[in-house]
file protein_36.txt (compact mmCIF, C-alpha atoms and all ligand atoms)
# COMPACT_ATOMS: atom_id res chain seq x y z
CA MET A 1432 -13.86 -30.58 13.72
CA THR A 1433 -12.54 -27.12 14.65
CA THR A 1434 -14.67 -24.02 14.14
CA PRO A 1435 -13.12 -21.78 11.45
CA HIS A 1436 -11.98 -18.34 12.52
CA PRO A 1437 -14.49 -15.59 11.81
CA LEU A 1438 -13.68 -13.21 8.98
CA ARG A 1439 -12.91 -9.87 10.53
CA VAL A 1440 -14.41 -7.08 8.46
CA LEU A 1441 -13.68 -3.44 9.16
CA ARG A 1442 -16.23 -1.11 7.57
CA LEU A 1443 -15.46 2.63 7.50
CA THR A 1444 -18.27 5.07 6.78
CA ALA A 1445 -17.35 8.56 5.62
CA SER A 1446 -20.68 10.18 4.78
CA PRO A 1447 -22.00 12.89 7.10
CA ARG A 1448 -25.57 11.84 6.14
CA GLY A 1449 -25.89 9.00 8.60
CA ALA A 1450 -28.57 6.42 7.80
CA GLU A 1451 -29.64 8.31 4.64
CA SER A 1452 -26.26 7.76 3.04
CA GLU A 1453 -26.26 6.07 -0.37
CA SER A 1454 -22.67 4.86 0.02
CA LEU A 1455 -23.56 3.35 3.39
CA ARG A 1456 -26.48 1.48 1.81
CA LEU A 1457 -24.27 0.19 -0.98
CA SER A 1458 -21.72 -0.98 1.58
CA GLU A 1459 -24.51 -2.92 3.35
CA HIS A 1460 -25.06 -4.79 0.11
CA ILE A 1461 -21.32 -5.53 -0.11
CA LEU A 1462 -21.44 -6.92 3.44
CA ASP A 1463 -24.44 -9.11 2.54
CA ALA A 1464 -22.60 -10.42 -0.51
CA LEU A 1465 -19.47 -11.09 1.54
CA SER A 1466 -21.52 -12.90 4.11
CA ALA A 1467 -23.13 -15.10 1.45
CA GLN A 1468 -19.71 -15.81 0.00
CA SER A 1469 -17.92 -16.62 3.21
CA GLY A 1470 -19.89 -19.86 3.55
CA HIS A 1471 -19.10 -21.52 6.86
CA ARG A 1472 -17.02 -18.59 8.10
CA ARG A 1473 -18.87 -16.10 10.25
CA LEU A 1474 -18.38 -12.39 9.56
CA GLU A 1475 -17.23 -10.34 12.55
CA LEU A 1476 -18.04 -6.75 11.69
CA SER A 1477 -16.57 -3.59 13.21
CA SER A 1478 -18.05 -0.37 11.89
CA VAL A 1479 -16.36 2.97 12.34
CA ASP A 1480 -17.96 6.32 11.59
CA LEU A 1481 -15.08 8.42 10.30
CA ASN A 1482 -16.94 11.62 11.14
CA ASP A 1483 -15.75 11.00 14.69
CA VAL A 1484 -12.09 11.12 13.63
CA PRO A 1485 -10.66 14.66 14.03
CA PRO A 1486 -7.82 16.00 11.88
CA VAL A 1487 -4.28 15.20 13.06
CA ASP A 1488 -2.74 17.57 15.59
CA GLY A 1489 0.52 19.53 15.81
CA GLY A 1490 2.38 16.94 17.90
CA TYR A 1491 1.65 14.25 15.35
CA ALA A 1492 2.72 16.48 12.46
CA ARG A 1493 5.97 17.31 14.25
CA MET A 1494 6.57 13.65 15.04
CA LEU A 1495 6.12 12.66 11.41
CA ALA A 1496 8.42 15.46 10.29
CA SER A 1497 11.19 14.29 12.65
CA PRO A 1498 10.42 10.81 14.03
CA ARG A 1499 13.34 11.02 16.50
CA GLY A 1500 13.24 13.56 19.33
CA ALA A 1501 9.79 15.02 18.75
CA GLY A 1502 8.82 14.96 22.42
CA VAL A 1503 6.54 12.68 24.40
CA PRO A 1504 2.97 12.35 23.09
CA HIS A 1505 0.12 12.92 25.56
CA PRO A 1506 -2.93 10.70 25.96
CA GLY A 1507 -5.61 11.86 23.53
CA ASP A 1508 -3.01 13.01 20.97
CA SER A 1509 -3.32 12.04 17.34
CA LEU A 1510 -0.41 9.66 17.82
CA HIS A 1511 -2.41 7.46 20.19
CA ARG A 1512 -5.45 7.65 17.92
CA SER A 1513 -3.19 6.75 15.01
CA ASP A 1514 -1.91 3.68 16.89
CA ARG A 1515 -5.47 2.56 17.62
CA LEU A 1516 -6.69 3.10 14.05
CA ILE A 1517 -3.68 1.28 12.58
CA ASP A 1518 -4.11 -1.68 14.97
CA GLN A 1519 -7.80 -1.82 14.07
CA LEU A 1520 -6.96 -1.82 10.36
CA ASP A 1521 -4.25 -4.41 10.79
CA ARG A 1522 -6.57 -6.80 12.62
CA ALA A 1523 -9.07 -6.79 9.73
CA ASP A 1524 -9.11 -9.52 7.07
CA ILE A 1525 -11.21 -7.33 4.78
CA LEU A 1526 -11.69 -3.58 4.60
CA VAL A 1527 -14.94 -2.05 3.34
CA ILE A 1528 -15.06 1.73 2.79
CA ALA A 1529 -18.33 3.59 2.22
CA THR A 1530 -17.64 7.07 0.91
CA PRO A 1531 -19.33 9.88 -0.97
CA MET A 1532 -17.37 12.01 -3.44
CA HIS A 1533 -16.79 15.50 -2.06
CA ASN A 1534 -15.34 18.03 -4.46
CA TYR A 1535 -13.93 15.40 -6.80
CA SER A 1536 -12.14 13.54 -4.02
CA VAL A 1537 -12.55 11.85 -0.64
CA PRO A 1538 -14.49 13.70 2.10
CA SER A 1539 -12.47 15.27 4.90
CA SER A 1540 -13.51 12.50 7.33
CA LEU A 1541 -11.85 9.83 5.16
CA LYS A 1542 -8.84 12.09 4.61
CA ALA A 1543 -8.46 12.42 8.40
CA TRP A 1544 -8.41 8.61 8.74
CA ILE A 1545 -5.82 8.35 5.93
CA ASP A 1546 -3.63 10.94 7.66
CA HIS A 1547 -3.74 8.80 10.83
CA VAL A 1548 -2.94 5.45 9.19
CA VAL A 1549 -0.46 6.35 6.43
CA ARG A 1550 2.44 6.86 8.83
CA ILE A 1551 6.15 6.68 8.13
CA GLN A 1552 8.08 3.93 10.00
CA ARG A 1553 4.77 2.44 11.15
CA THR A 1554 2.75 1.54 8.03
CA PHE A 1555 5.27 2.44 5.33
CA GLU A 1556 8.97 3.09 5.01
CA SER A 1557 10.90 5.29 2.66
CA THR A 1558 13.44 3.50 0.45
CA PRO A 1559 15.65 4.71 -2.41
CA GLU A 1560 13.08 3.10 -4.72
CA GLY A 1561 10.18 4.96 -3.09
CA LYS A 1562 7.68 4.25 -0.34
CA ARG A 1563 7.19 0.63 0.69
CA GLY A 1564 4.06 -0.53 2.49
CA LEU A 1565 4.47 -2.45 5.76
CA LEU A 1566 0.94 -3.88 6.16
CA ARG A 1567 -0.06 -7.21 4.67
CA ASP A 1568 -2.30 -6.95 1.64
CA ARG A 1569 -6.01 -7.80 1.99
CA PRO A 1570 -9.16 -7.17 -0.04
CA VAL A 1571 -10.53 -3.64 0.08
CA TYR A 1572 -14.05 -2.98 -1.24
CA VAL A 1573 -15.08 0.62 -1.75
CA ALA A 1574 -18.67 1.87 -2.15
CA VAL A 1575 -18.52 5.32 -3.77
CA SER A 1576 -21.57 7.50 -4.30
CA SER A 1577 -21.56 10.73 -6.28
CA GLY A 1578 -24.12 13.39 -7.15
CA GLY A 1579 -23.04 13.41 -10.80
CA TYR A 1580 -21.40 10.87 -13.10
CA ILE A 1581 -17.75 10.05 -12.55
CA SER A 1582 -17.24 7.43 -15.23
CA GLY A 1583 -18.37 6.76 -18.78
CA PRO A 1584 -19.29 9.22 -21.53
CA ARG A 1585 -21.65 11.24 -19.28
CA ALA A 1586 -18.90 12.19 -16.79
CA ARG A 1587 -18.33 15.95 -16.78
CA GLN A 1588 -16.01 16.18 -13.79
CA PRO A 1589 -12.63 14.81 -12.72
CA ASP A 1590 -12.46 11.81 -10.40
CA PHE A 1591 -9.54 12.19 -8.01
CA LEU A 1592 -11.26 10.01 -5.40
CA ARG A 1593 -10.55 6.57 -6.83
CA PRO A 1594 -6.93 7.15 -8.01
CA TYR A 1595 -6.14 8.98 -4.76
CA LEU A 1596 -7.57 6.27 -2.52
CA GLN A 1597 -5.77 3.62 -4.56
CA ALA A 1598 -2.44 5.45 -4.19
CA ALA A 1599 -2.90 6.21 -0.47
CA LEU A 1600 -3.79 2.60 0.42
CA ALA A 1601 -1.06 1.17 -1.81
CA THR A 1602 1.43 3.27 0.17
CA VAL A 1603 0.74 1.11 3.24
CA GLY A 1604 0.62 -2.15 1.27
CA LEU A 1605 -3.08 -2.47 0.46
CA ASN A 1606 -3.05 -3.13 -3.27
CA SER A 1607 -6.22 -5.17 -3.78
CA LEU A 1608 -8.84 -2.46 -4.17
CA HIS A 1609 -12.18 -2.90 -5.90
CA CYS A 1610 -14.52 0.09 -6.27
CA PHE A 1611 -18.27 -0.02 -6.84
CA THR A 1612 -19.89 3.27 -7.80
CA LEU A 1613 -23.40 4.63 -7.41
CA GLU A 1614 -23.40 7.67 -9.70
CA GLY A 1615 -25.90 10.46 -10.34
CA THR A 1616 -27.64 10.63 -6.94
CA ALA A 1617 -28.40 14.34 -7.49
CA LEU A 1618 -29.97 13.87 -10.91
CA GLY A 1619 -33.53 13.06 -9.88
CA GLU A 1620 -35.50 10.10 -8.58
CA GLU A 1621 -35.47 8.15 -11.85
CA VAL A 1622 -31.68 8.35 -12.28
CA LEU A 1623 -31.17 7.53 -8.60
CA THR A 1624 -33.36 4.42 -8.79
CA GLU A 1625 -31.49 3.20 -11.86
CA ALA A 1626 -28.11 4.06 -10.26
CA ARG A 1627 -29.00 1.98 -7.20
CA ARG A 1628 -30.11 -0.92 -9.37
CA ARG A 1629 -26.91 -0.85 -11.44
CA ALA A 1630 -24.63 -0.54 -8.41
CA PHE A 1631 -26.37 -3.34 -6.51
CA THR A 1632 -26.27 -5.58 -9.58
CA ALA A 1633 -22.54 -4.88 -10.05
CA VAL A 1634 -21.91 -5.99 -6.45
CA SER A 1635 -24.01 -9.15 -6.80
CA GLU A 1636 -22.36 -10.05 -10.10
CA TYR A 1637 -18.85 -9.42 -8.79
CA PHE A 1638 -19.29 -11.58 -5.70
CA GLY A 1639 -21.33 -14.16 -7.59
CA ARG A 1640 -18.43 -14.56 -10.00
CA SER A 1641 -15.91 -14.64 -7.17
CA LEU A 1642 -17.93 -17.37 -5.50
CA SER A 1643 -18.12 -19.54 -8.60
CA GLN A 1644 -14.39 -19.09 -9.28
CA ALA A 1645 -13.49 -19.28 -5.57
CA ARG A 1646 -10.79 -16.72 -6.21
CA LEU A 1647 -11.16 -14.36 -3.29
CA PRO A 1648 -8.45 -14.77 -0.67
CA ILE A 1649 -11.08 -15.19 2.04
CA GLN A 1650 -12.05 -18.82 1.57
CA GLY A 1651 -11.01 -20.90 4.51
C1 LIG A 1701 -19.43 19.03 0.29
C2 LIG A 1701 -19.96 18.19 -0.85
C3 LIG A 1701 -19.24 18.12 -2.01
C4 LIG A 1701 -19.71 17.34 -3.08
N1 LIG A 1701 -18.95 17.25 -4.21
C5 LIG A 1701 -19.38 16.46 -5.22
C6 LIG A 1701 -18.56 16.31 -6.39
O1 LIG A 1701 -17.48 16.84 -6.52
N2 LIG A 1701 -19.05 15.53 -7.37
C7 LIG A 1701 -20.25 14.88 -7.29
O2 LIG A 1701 -20.61 14.16 -8.22
N3 LIG A 1701 -21.02 15.01 -6.19
C8 LIG A 1701 -20.62 15.77 -5.16
N4 LIG A 1701 -21.37 15.87 -4.02
C9 LIG A 1701 -22.62 15.08 -3.92
C10 LIG A 1701 -22.42 13.77 -3.20
O3 LIG A 1701 -21.32 13.05 -3.74
C11 LIG A 1701 -23.68 12.91 -3.36
O4 LIG A 1701 -24.76 13.57 -2.74
C12 LIG A 1701 -23.49 11.52 -2.80
O5 LIG A 1701 -24.51 10.68 -3.28
C13 LIG A 1701 -23.53 11.54 -1.27
O6 LIG A 1701 -23.28 10.22 -0.80
P1 LIG A 1701 -23.84 9.80 0.63
O7 LIG A 1701 -25.35 9.68 0.48
O8 LIG A 1701 -23.19 8.50 0.93
O9 LIG A 1701 -23.46 10.88 1.57
C14 LIG A 1701 -20.94 16.64 -2.96
C15 LIG A 1701 -21.66 16.73 -1.76
C16 LIG A 1701 -21.18 17.49 -0.72
C17 LIG A 1701 -21.96 17.54 0.58
call {"tool": "encode", "arguments": {"input": "protein_36.txt", "output": "structure tokens", "more": "lines below"}}
Ligand SMILES: Cc1cc2nc3c(=O)[nH]c(=O)nc-3n(C[C@H](O)[C@H](O)[C@H](O)COP(=O)(O)O)c2cc1C
result
Amino acid sequence: MTTPHPLRVLRLTASPRGAESESLRLSEHILDALSAQSGHRRLELSSVDLNDVPPVDGGYARMLASPRGAGVPHPGDSLHRSDRLIDQLDRADILVIATPMHNYSVPSSLKAWIDHVVRIQRTFESTPEGKRGLLRDRPVYVAVSSGGYISGPRARQPDFLRPYLQAALATVGLNSLHCFTLEGTALGEEVLTEARRRAFTAVSEYFGRSLSQARLPIQG
């Protein structure tokens, strides 16, 4: 009997708060649930702290503006980093993103990663019908934490994070996004405790259901 290939999981963490991060903790629960679900397949986890990814540089911006004849990139340029980050993403069977909301959207660390991987002629192409993603689709699980509410009747702020992330990842061909939210982390200990409980339960229920219906594309 052959040993099944491990499931390669790439987990991106965007919070600047390190081990104290709520979104990081929620993503740990997602990883546990994935591990329980994967059965006989081992999870091979690569974690990347996006706070180490700098913004794209001038050479990269020029290259994207005119892909032909933009000069030779130097080692250490954004272009090389972009190649590495895209290869890393492409190798993954599953993507997990742990991110806080910053000013109604993604934090700058996650935006820097997006600017490196959403790249014309490499991860998407422009067609008369619009942009077409070049990466194969795969499950993407997002753990979002926010100081206030971002959904339901108590939300008093816009949420550009989820629609933006959905659109950015769909551009490269990742269309199977599922977001879990942990909302109200700034609203006191009681709200935070309840928010954690609800978010963790949502993850367990989602993967519990997936397991019973065997509908995730990761069985093998
Ligand atoms: C720069 C900055 C901007 C923020 N903007 C928002 C916001 O627009 N809406 C919100 O609900 N919380 C906002 N917050 C609060 C964080 O989303 C909240 O503390 C979250 O739980 C942090 O997640 P983490 O523990 O994973 O870092 C902001 C925090 C920071 C540092």
call {"tool": "atom_distance", "arguments": {"input": "protein_36.txt", "atom1": "atom O7 of ligand LIG 1701 (chain A)", "atom2": "CA of Tyr1572 in chain A"}}
result
17.1 Å
call {"tool": "closest_residue", "arguments": {"input": "protein_36.txt", "among": "A:His1511, A:Arg1456, A:Arg1522, A:Arg1442", "to": "Phe1631 in chain A", "atoms": "all atoms listed in the file"}}
result
A:Arg1456
call {"tool": "closest_residue", "arguments": {"input": "protein_36.txt", "among": "A:Leu1613, A:Ala1492, A:Leu1526, A:Ala1445", "to": "Pro1538 in chain A", "atoms": "only C-alpha atoms"}}
result
A:Ala1445
call {"tool": "atom_distance", "arguments": {"input": "protein_36.txt", "atom1": "CA of Cys1610 in chain A", "atom2": "CA of Leu1510 in chain A"}}
result
29.5 Å
call {"tool": "residues_around", "arguments": {"input": "protein_36.txt", "residues": "Tyr1595 in chain A", "least_positions_apart": "6", "cutoff": "12 Å", "atoms": "all atoms listed in the file", "output": "list of chain:residue names"}}
result
A:Met1532, A:Tyr1535, A:Ser1536, A:Val1537, A:Pro1538, A:Leu1541, A:Lys1542, A:Ile1545, A:Pro1589, A:Ala1601, A:Thr1602, A:Leu1608
call {"tool": "residues_near_ligand", "arguments": {"input": "protein_36.txt", "ligand": "ligand LIG 1701 (chain A)", "cutoff": "6 Å", "atoms": "all atoms listed in the file", "output": "ChimeraX atom specification"}}
result
/A:1446,1448,1452-1455,1530-1535,1576-1580,1616
call {"tool": "residues_around", "arguments": {"input": "protein_36.txt", "residues": "Asp1546 in chain A", "least_positions_apart": "3", "cutoff": "9 Å", "atoms": "all atoms listed in the file", "output": "VMD selection string"}}
result
chain A and resid 1486 to 1487 1513 1541 to 1543 1549 to 1550
call {"tool": "write_last_selection", "arguments": {"input": "protein_36.txt", "atoms": "C-alpha atoms", "output": "compact mmCIF listing (two decimals), keeping the file's coordinate frame"}}
result
# COMPACT_ATOMS: atom_id res chain seq x y z
CA PRO A 1486 -7.82 16.00 11.88
CA VAL A 1487 -4.28 15.20 13.06
CA SER A 1513 -3.19 6.75 15.01
CA LEU A 1541 -11.85 9.83 5.16
CA LYS A 1542 -8.84 12.09 4.61
CA ALA A 1543 -8.46 12.42 8.40
CA VAL A 1549 -0.46 6.35 6.43
CA ARG A 1550 2.44 6.86 8.83
call {"tool": "closest_residue", "arguments": {"input": "protein_36.txt", "among": "A:Ala1464, A:Leu1481, A:Leu1495, A:Val1548", "to": "Arg1515 in chain A", "atoms": "all atoms listed in the file"}}
result
A:Val1548
call {"tool": "atom_distance", "arguments": {"input": "protein_36.txt", "atom1": "CA of Phe1591 in chain A", "atom2": "CA of Arg1640 in chain A"}}
result
28.3 Å
call {"tool": "residues_around", "arguments": {"input": "protein_36.txt", "residues": "range 1553-1556 of chain A", "least_positions_apart": "5", "cutoff": "8 Å", "atoms": "only C-alpha atoms", "output": "list in words"}}
result
Ile1517, Val1548, Lys1562, Arg1563, Gly1564, Leu1565, Leu1566, Thr1602, Val1603 and Gly1604 of chain A
